[in-house]
Amino acid sequence: MEAWLDFYRAYFPDEEALKCFVGGCEQLESDDHRHRAKVMMHQGQRLLTIADAMDSVAPGREPLKLLFLLIASENISKLYANYDGEGNSKFHVRRFFNDFCMPEDKSAICGGIEKIGQKASLDDLISVLYDVRCDVVHEGTYWGFDFASSECPSVLTGRHSDQILRVRMSYQEFRDIVAKGIIVATQLVIEQHTAP
């Protein structure tokens, strides 16, 4: 249980709340209709840990880290919905950010990522990030996108002329938004007292 506690600790106000969340997930048996909350908690930690590890695999290749953050958001959205079909990846990624992210985190994305020359909604921005994910998955292109950093607090990035972004959001800031969304989605499943 320590791996889960260590990973999620930064997102809870105190140890009691943290242990309530992790313990609430861990106690769910496979015959409980809410068992997927346990899977969601585990998968969130695993996928975000893989995203973090991409720096040791291919330093400076931010699309690889973004790929795993978006895989996590898709996975959590599908698990939340008990979706066992194939496809609809983009829908589930958008749904994750729309349904499980706090209003202030949605605003942070819209303030931290700007589509140059165009007014862009949260859905527009997530779609552009999803296109970066598709470049990695389908084309093997794992360059052409960068998060901001302390050295470069504002970055112009993008592979396509219609998708040039000004990014003022760091990887850690975006990762934290995904982690908090995972917690929200997981808690919503835990709170389901009756079978769907």
# chains A, B, ... in the order shown; residues from 1 in each chain; ligands from 1
>>> residues_around(residues="segment 15-18 of chain A", least_positions_apart="3", cutoff="12 Å", atoms="only C-alpha atoms", output="VMD selection string")
chain A and resid 1 to 2 4 to 12 21 to 25 183 187
>>> write_last_selection(atoms="C-alpha atoms", output="PDB file, in the first residue's frame")
ATOM      1  CA  MET A   1       0.000   0.000   0.000  1.00  0.00           C
ATOM      2  CA  GLU A   2       3.007   2.313   0.477  1.00  0.00           C
ATOM      3  CA  TRP A   4      -0.106   4.199  -3.547  1.00  0.00           C
ATOM      4  CA  LEU A   5       0.217   6.321  -0.406  1.00  0.00           C
ATOM      5  CA  ASP A   6       3.526   7.812  -1.562  1.00  0.00           C
ATOM      6  CA  PHE A   7       2.195   8.615  -5.017  1.00  0.00           C
ATOM      7  CA  TYR A   8      -1.083  10.262  -3.979  1.00  0.00           C
ATOM      8  CA  ARG A   9       0.175  11.999  -0.792  1.00  0.00           C
ATOM      9  CA  ALA A  10       0.800  15.367  -2.507  1.00  0.00           C
ATOM     10  CA  TYR A  11      -2.867  15.615  -3.501  1.00  0.00           C
ATOM     11  CA  PHE A  12      -4.458  15.297  -0.061  1.00  0.00           C
ATOM     12  CA  PHE A  21      -8.886   7.328  -0.210  1.00  0.00           C
ATOM     13  CA  VAL A  22      -6.246   4.626  -0.664  1.00  0.00           C
ATOM     14  CA  GLY A  23      -7.783   2.333   1.968  1.00  0.00           C
ATOM     15  CA  GLY A  24     -11.252   2.824   0.504  1.00  0.00           C
ATOM     16  CA  CYS A  25      -9.958   1.642  -2.861  1.00  0.00           C
ATOM     17  CA  ILE A 183      -8.656  11.052  -7.827  1.00  0.00           C
ATOM     18  CA  GLN A 187     -13.852   8.950  -5.656  1.00  0.00           C
TER      19      GLN A 187
END
>>> residues_around(residues="Val132 of chain A", least_positions_apart="5", cutoff="8 Å", atoms="only C-alpha atoms", output="PDB file with N, CA, C and O atoms, in the first residue's frame")
ATOM      1  N   PRO A  63       6.629  14.805 -25.931  1.00  0.00           N
ATOM      2  CA  PRO A  63       5.456  14.080 -26.419  1.00  0.00           C
ATOM      3  C   PRO A  63       5.312  12.675 -25.817  1.00  0.00           C
ATOM      4  O   PRO A  63       4.191  12.186 -25.662  1.00  0.00           O
ATOM      5  N   LEU A  67       2.019  11.562 -23.990  1.00  0.00           N
ATOM      6  CA  LEU A  67       1.348  10.333 -24.419  1.00  0.00           C
ATOM      7  C   LEU A  67       0.821   9.557 -23.216  1.00  0.00           C
ATOM      8  O   LEU A  67      -0.360   9.181 -23.178  1.00  0.00           O
ATOM      9  N   PHE A 145       6.678  19.000 -29.604  1.00  0.00           N
ATOM     10  CA  PHE A 145       5.860  19.577 -28.538  1.00  0.00           C
ATOM     11  C   PHE A 145       6.729  19.694 -27.296  1.00  0.00           C
ATOM     12  O   PHE A 145       7.501  18.778 -26.983  1.00  0.00           O
TER      13      PHE A 145
END
>>> residues_around(residues="Leu165 of chain A", least_positions_apart="6", cutoff="10 Å", atoms="only C-alpha atoms", output="list in words")
Gly112, Ile113, Glu114, Lys115, Ile116, Gly117, Gln118, Leu125, Val128, Leu129, Phe145, Asp146, Ser154, Val155, Leu156, Thr157, Gly158 and Arg159 of chain A
>>> write_last_selection(atoms="N, CA and C atoms", output="mmCIF file, in the first residue's frame")
data_model
loop_
_atom_site.group_PDB
_atom_site.id
_atom_site.type_symbol
_atom_site.label_atom_id
_atom_site.label_comp_id
_atom_site.auth_asym_id
_atom_site.auth_seq_id
_atom_site.Cartn_x
_atom_site.Cartn_y
_atom_site.Cartn_z
ATOM 1 N N GLY A 112 -2.668 28.297 -19.683
ATOM 2 C CA GLY A 112 -1.296 27.831 -19.835
ATOM 3 C C GLY A 112 -0.962 27.315 -21.219
ATOM 4 N N ILE A 113 -1.983 27.112 -22.051
ATOM 5 C CA ILE A 113 -1.765 26.654 -23.425
ATOM 6 C C ILE A 113 -2.614 27.520 -24.342
ATOM 7 N N GLU A 114 -1.976 28.121 -25.312
ATOM 8 C CA GLU A 114 -2.674 29.031 -26.233
ATOM 9 C C GLU A 114 -2.451 28.559 -27.662
ATOM 10 N N LYS A 115 -3.517 28.479 -28.423
ATOM 11 C CA LYS A 115 -3.421 28.131 -29.845
ATOM 12 C C LYS A 115 -3.188 29.438 -30.607
ATOM 13 N N ILE A 116 -2.001 29.597 -31.163
ATOM 14 C CA ILE A 116 -1.614 30.863 -31.789
ATOM 15 C C ILE A 116 -2.557 31.216 -32.937
ATOM 16 N N GLY A 117 -3.067 32.440 -32.876
ATOM 17 C CA GLY A 117 -3.909 32.949 -33.948
ATOM 18 C C GLY A 117 -5.352 32.508 -33.878
ATOM 19 N N GLN A 118 -5.717 31.759 -32.857
ATOM 20 C CA GLN A 118 -7.089 31.269 -32.765
ATOM 21 C C GLN A 118 -7.544 31.273 -31.313
ATOM 22 N N LEU A 125 -8.086 22.713 -27.142
ATOM 23 C CA LEU A 125 -6.717 22.499 -26.662
ATOM 24 C C LEU A 125 -6.443 21.025 -26.408
ATOM 25 N N VAL A 128 -5.797 19.330 -29.677
ATOM 26 C CA VAL A 128 -4.441 19.541 -30.203
ATOM 27 C C VAL A 128 -3.453 18.640 -29.461
ATOM 28 N N LEU A 129 -3.594 18.540 -28.140
ATOM 29 C CA LEU A 129 -2.713 17.649 -27.375
ATOM 30 C C LEU A 129 -2.939 16.194 -27.791
ATOM 31 N N PHE A 145 6.678 19.000 -29.604
ATOM 32 C CA PHE A 145 5.860 19.577 -28.538
ATOM 33 C C PHE A 145 6.729 19.694 -27.296
ATOM 34 N N ASP A 146 6.604 20.824 -26.606
ATOM 35 C CA ASP A 146 7.353 21.026 -25.366
ATOM 36 C C ASP A 146 6.471 21.691 -24.329
ATOM 37 N N SER A 154 7.893 30.291 -21.386
ATOM 38 C CA SER A 154 6.930 30.387 -22.488
ATOM 39 C C SER A 154 7.582 29.779 -23.718
ATOM 40 N N VAL A 155 6.917 28.759 -24.277
ATOM 41 C CA VAL A 155 7.503 28.002 -25.377
ATOM 42 C C VAL A 155 6.543 28.013 -26.561
ATOM 43 N N LEU A 156 7.065 28.286 -27.758
ATOM 44 C CA LEU A 156 6.289 28.105 -28.982
ATOM 45 C C LEU A 156 6.579 26.698 -29.483
ATOM 46 N N THR A 157 5.537 25.924 -29.720
ATOM 47 C CA THR A 157 5.736 24.531 -30.076
ATOM 48 C C THR A 157 4.621 24.049 -30.990
ATOM 49 N N GLY A 158 4.909 23.034 -31.763
ATOM 50 C CA GLY A 158 3.893 22.433 -32.632
ATOM 51 C C GLY A 158 4.485 22.018 -33.954
ATOM 52 N N ARG A 159 3.950 20.938 -34.518
ATOM 53 C CA ARG A 159 4.464 20.422 -35.787
ATOM 54 C C ARG A 159 3.680 20.940 -36.987
#
>>> residues_around(residues="Cys101 of chain A", least_positions_apart="2", cutoff="8 Å", atoms="only C-alpha atoms", output="list in words")
Phe96, Phe97, Asn98, Asp99, Pro103, Asp105, Lys106, Ile177, Val178, Lys180, Gly181 and Val184 of chain A
>>> write_last_selection(atoms="all heavy atoms", output="short mmCIF file (atom, residue, chain, number, x, y, z; two decimals), in the first residue's frame")
data_model
loop_
_atom_site.label_atom_id
_atom_site.label_comp_id
_atom_site.auth_asym_id
_atom_site.auth_seq_id
_atom_site.Cartn_x
_atom_site.Cartn_y
_atom_site.Cartn_z
N PHE A 96 -12.59 13.11 -19.83
CA PHE A 96 -11.80 13.14 -18.59
C PHE A 96 -11.57 14.59 -18.16
O PHE A 96 -11.82 14.95 -17.01
CB PHE A 96 -10.46 12.43 -18.81
CG PHE A 96 -9.55 12.53 -17.61
CD1 PHE A 96 -9.61 11.59 -16.60
CD2 PHE A 96 -8.63 13.56 -17.50
CE1 PHE A 96 -8.78 11.68 -15.48
CE2 PHE A 96 -7.79 13.67 -16.40
CZ PHE A 96 -7.87 12.72 -15.39
N PHE A 97 -11.10 15.42 -19.07
CA PHE A 97 -10.77 16.80 -18.71
C PHE A 97 -12.03 17.62 -18.43
O PHE A 97 -12.03 18.49 -17.55
CB PHE A 97 -9.90 17.45 -19.78
CG PHE A 97 -8.50 16.91 -19.78
CD1 PHE A 97 -8.12 15.89 -20.62
CD2 PHE A 97 -7.56 17.41 -18.89
CE1 PHE A 97 -6.83 15.37 -20.60
CE2 PHE A 97 -6.27 16.90 -18.84
CZ PHE A 97 -5.91 15.87 -19.70
N ASN A 98 -13.10 17.34 -19.13
CA ASN A 98 -14.35 18.07 -18.91
C ASN A 98 -15.07 17.64 -17.64
O ASN A 98 -15.62 18.48 -16.92
CB ASN A 98 -15.28 17.92 -20.11
CG ASN A 98 -14.91 18.84 -21.24
OD1 ASN A 98 -14.98 20.05 -21.10
ND2 ASN A 98 -14.49 18.27 -22.36
N ASP A 99 -15.08 16.34 -17.35
CA ASP A 99 -15.90 15.82 -16.26
C ASP A 99 -15.17 15.65 -14.93
O ASP A 99 -15.80 15.69 -13.88
CB ASP A 99 -16.51 14.47 -16.65
CG ASP A 99 -17.57 14.59 -17.73
OD1 ASP A 99 -17.82 15.71 -18.21
OD2 ASP A 99 -18.13 13.54 -18.11
N PRO A 103 -12.74 23.18 -11.97
CA PRO A 103 -12.82 24.39 -12.79
C PRO A 103 -11.51 25.18 -12.83
O PRO A 103 -11.10 25.66 -13.90
CB PRO A 103 -13.94 25.20 -12.12
CG PRO A 103 -14.80 24.17 -11.46
CD PRO A 103 -13.85 23.08 -11.01
N ASP A 105 -8.56 23.99 -12.61
CA ASP A 105 -7.59 23.26 -13.43
C ASP A 105 -7.90 23.41 -14.92
O ASP A 105 -7.00 23.52 -15.75
CB ASP A 105 -7.53 21.80 -13.03
CG ASP A 105 -6.88 21.60 -11.67
OD1 ASP A 105 -6.03 22.44 -11.28
OD2 ASP A 105 -7.22 20.63 -10.97
N LYS A 106 -9.17 23.44 -15.26
CA LYS A 106 -9.56 23.71 -16.65
C LYS A 106 -9.09 25.11 -17.05
O LYS A 106 -8.55 25.30 -18.14
CB LYS A 106 -11.08 23.60 -16.81
CG LYS A 106 -11.63 22.22 -16.60
CD LYS A 106 -13.15 22.24 -16.70
CE LYS A 106 -13.76 20.96 -16.20
NZ LYS A 106 -15.22 20.97 -16.27
N ILE A 177 -2.68 18.11 -12.75
CA ILE A 177 -4.10 18.21 -13.15
C ILE A 177 -4.64 16.82 -13.47
O ILE A 177 -5.75 16.46 -13.05
CB ILE A 177 -4.26 19.18 -14.33
CG1 ILE A 177 -4.02 20.62 -13.87
CG2 ILE A 177 -5.64 19.03 -14.99
CD1 ILE A 177 -3.94 21.65 -14.99
N VAL A 178 -3.87 16.03 -14.20
CA VAL A 178 -4.30 14.67 -14.53
C VAL A 178 -4.43 13.83 -13.25
O VAL A 178 -5.42 13.12 -13.06
CB VAL A 178 -3.33 14.00 -15.54
CG1 VAL A 178 -3.70 12.54 -15.77
CG2 VAL A 178 -3.34 14.76 -16.86
N LYS A 180 -5.05 14.81 -10.19
CA LYS A 180 -6.23 15.23 -9.43
C LYS A 180 -7.51 14.75 -10.11
O LYS A 180 -8.47 14.35 -9.43
CB LYS A 180 -6.24 16.75 -9.25
CG LYS A 180 -5.15 17.23 -8.29
CD LYS A 180 -5.24 18.72 -8.01
CE LYS A 180 -4.70 19.53 -9.16
NZ LYS A 180 -4.69 20.98 -8.89
N GLY A 181 -7.54 14.74 -11.44
CA GLY A 181 -8.69 14.21 -12.16
C GLY A 181 -8.89 12.73 -11.91
O GLY A 181 -10.02 12.24 -11.79
N VAL A 184 -10.55 12.41 -8.53
CA VAL A 184 -11.97 12.77 -8.59
C VAL A 184 -12.79 11.63 -9.20
O VAL A 184 -13.82 11.22 -8.65
CB VAL A 184 -12.18 14.08 -9.39
CG1 VAL A 184 -13.65 14.30 -9.73
CG2 VAL A 184 -11.63 15.29 -8.62
#
>>> atom_distance(atom1="atom CA of Ser73 of chain A", atom2="atom CA of Arg46 of chain A")
12.2 Å
>>> select_by_dssp(residues="chain A", states="helix (DSSP H, G or I)", output="number ranges by chain")
A: 2-11, 15-26, 36-57, 62-80, 89-100, 103-112, 122-139, 161-163, 171-190
>>> closest_residue(among="A:Pro13, A:Val57, A:Glu29, A:Val137", to="Ile71 of chain A", atoms="only C-alpha atoms")
A:Val137
>>> decode(residues="segment 25-55 of chain A", atoms="N, CA, C and O atoms", output="compact mmCIF listing (two decimals), in the first residue's frame")
# COMPACT_ATOMS: atom_id res chain seq x y z
N CYS A 25 -10.15 2.36 -1.59
CA CYS A 25 -9.96 1.64 -2.86
C CYS A 25 -9.47 0.23 -2.61
O CYS A 25 -9.97 -0.74 -3.21
N GLU A 26 -8.48 0.10 -1.75
CA GLU A 26 -7.85 -1.20 -1.51
C GLU A 26 -8.81 -2.24 -0.94
O GLU A 26 -8.65 -3.43 -1.19
N GLN A 27 -9.80 -1.80 -0.21
CA GLN A 27 -10.72 -2.76 0.42
C GLN A 27 -11.78 -3.30 -0.54
O GLN A 27 -12.51 -4.22 -0.21
N LEU A 28 -11.87 -2.73 -1.73
CA LEU A 28 -12.90 -3.16 -2.68
C LEU A 28 -12.55 -4.51 -3.28
O LEU A 28 -11.52 -4.66 -3.93
N GLU A 29 -13.41 -5.48 -3.07
CA GLU A 29 -13.21 -6.84 -3.58
C GLU A 29 -13.71 -6.91 -5.02
O GLU A 29 -14.52 -6.10 -5.46
N SER A 30 -13.26 -7.92 -5.75
CA SER A 30 -13.60 -8.04 -7.17
C SER A 30 -15.09 -8.23 -7.42
O SER A 30 -15.57 -7.94 -8.52
N ASP A 31 -15.86 -8.68 -6.43
CA ASP A 31 -17.30 -8.86 -6.64
C ASP A 31 -18.09 -7.58 -6.32
O ASP A 31 -19.31 -7.54 -6.51
N ASP A 32 -17.41 -6.53 -5.89
CA ASP A 32 -18.05 -5.24 -5.63
C ASP A 32 -18.13 -4.46 -6.94
O ASP A 32 -17.12 -4.35 -7.65
N HIS A 33 -19.30 -3.94 -7.29
CA HIS A 33 -19.45 -3.21 -8.56
C HIS A 33 -18.55 -1.97 -8.62
O HIS A 33 -18.30 -1.44 -9.69
N ARG A 34 -18.04 -1.53 -7.48
CA ARG A 34 -17.14 -0.38 -7.43
C ARG A 34 -15.67 -0.78 -7.51
O ARG A 34 -14.79 0.07 -7.42
N HIS A 35 -15.39 -2.06 -7.70
CA HIS A 35 -14.01 -2.55 -7.73
C HIS A 35 -13.14 -1.80 -8.72
O HIS A 35 -11.93 -1.65 -8.53
N ARG A 36 -13.77 -1.30 -9.79
CA ARG A 36 -12.98 -0.57 -10.79
C ARG A 36 -12.30 0.65 -10.20
O ARG A 36 -11.29 1.12 -10.74
N ALA A 37 -12.79 1.17 -9.07
CA ALA A 37 -12.11 2.30 -8.41
C ALA A 37 -10.71 1.89 -7.97
O ALA A 37 -9.76 2.67 -8.07
N LYS A 38 -10.57 0.68 -7.49
CA LYS A 38 -9.26 0.17 -7.09
C LYS A 38 -8.34 0.08 -8.31
O LYS A 38 -7.18 0.49 -8.26
N VAL A 39 -8.88 -0.42 -9.41
CA VAL A 39 -8.12 -0.51 -10.66
C VAL A 39 -7.73 0.89 -11.13
O VAL A 39 -6.59 1.12 -11.56
N MET A 40 -8.66 1.84 -11.04
CA MET A 40 -8.38 3.23 -11.45
C MET A 40 -7.24 3.83 -10.63
O MET A 40 -6.34 4.46 -11.18
N MET A 41 -7.28 3.62 -9.32
CA MET A 41 -6.22 4.16 -8.47
C MET A 41 -4.87 3.56 -8.85
O MET A 41 -3.88 4.26 -8.99
N HIS A 42 -4.85 2.25 -9.06
CA HIS A 42 -3.61 1.57 -9.43
C HIS A 42 -3.12 2.03 -10.80
O HIS A 42 -1.93 2.36 -10.96
N GLN A 43 -4.02 2.05 -11.78
CA GLN A 43 -3.63 2.43 -13.14
C GLN A 43 -3.15 3.89 -13.20
O GLN A 43 -2.20 4.19 -13.92
N GLY A 44 -3.81 4.77 -12.46
CA GLY A 44 -3.37 6.16 -12.44
C GLY A 44 -1.94 6.28 -11.97
O GLY A 44 -1.12 6.95 -12.61
N GLN A 45 -1.62 5.61 -10.89
CA GLN A 45 -0.25 5.66 -10.36
C GLN A 45 0.73 5.06 -11.36
O GLN A 45 1.80 5.62 -11.61
N ARG A 46 0.38 3.92 -11.93
CA ARG A 46 1.30 3.25 -12.85
C ARG A 46 1.58 4.09 -14.10
O ARG A 46 2.73 4.26 -14.50
N LEU A 47 0.53 4.61 -14.71
CA LEU A 47 0.71 5.34 -15.97
C LEU A 47 1.42 6.68 -15.77
O LEU A 47 2.24 7.08 -16.59
N LEU A 48 1.12 7.37 -14.68
CA LEU A 48 1.81 8.63 -14.43
C LEU A 48 3.27 8.40 -14.03
O LEU A 48 4.14 9.20 -14.37
N THR A 49 3.54 7.29 -13.37
CA THR A 49 4.92 6.94 -13.05
C THR A 49 5.71 6.64 -14.33
O THR A 49 6.88 7.02 -14.46
N ILE A 50 5.06 5.97 -15.28
CA ILE A 50 5.70 5.73 -16.58
C ILE A 50 5.95 7.05 -17.29
O ILE A 50 7.02 7.26 -17.87
N ALA A 51 4.98 7.96 -17.25
CA ALA A 51 5.18 9.28 -17.88
C ALA A 51 6.40 9.97 -17.28
O ALA A 51 7.25 10.51 -18.01
N ASP A 52 6.52 9.93 -15.96
CA ASP A 52 7.68 10.54 -15.30
C ASP A 52 8.99 9.89 -15.74
O ASP A 52 10.01 10.56 -15.88
N ALA A 53 8.96 8.59 -15.97
CA ALA A 53 10.18 7.84 -16.32
C ALA A 53 10.66 8.10 -17.74
O ALA A 53 11.79 7.75 -18.08
N MET A 54 9.84 8.72 -18.57
CA MET A 54 10.25 8.97 -19.96
C MET A 54 11.49 9.85 -20.05
O MET A 54 12.24 9.75 -21.02
N ASP A 55 11.74 10.68 -19.05
CA ASP A 55 12.96 11.50 -19.07
C ASP A 55 14.21 10.65 -19.07
O ASP A 55 15.23 11.04 -19.64
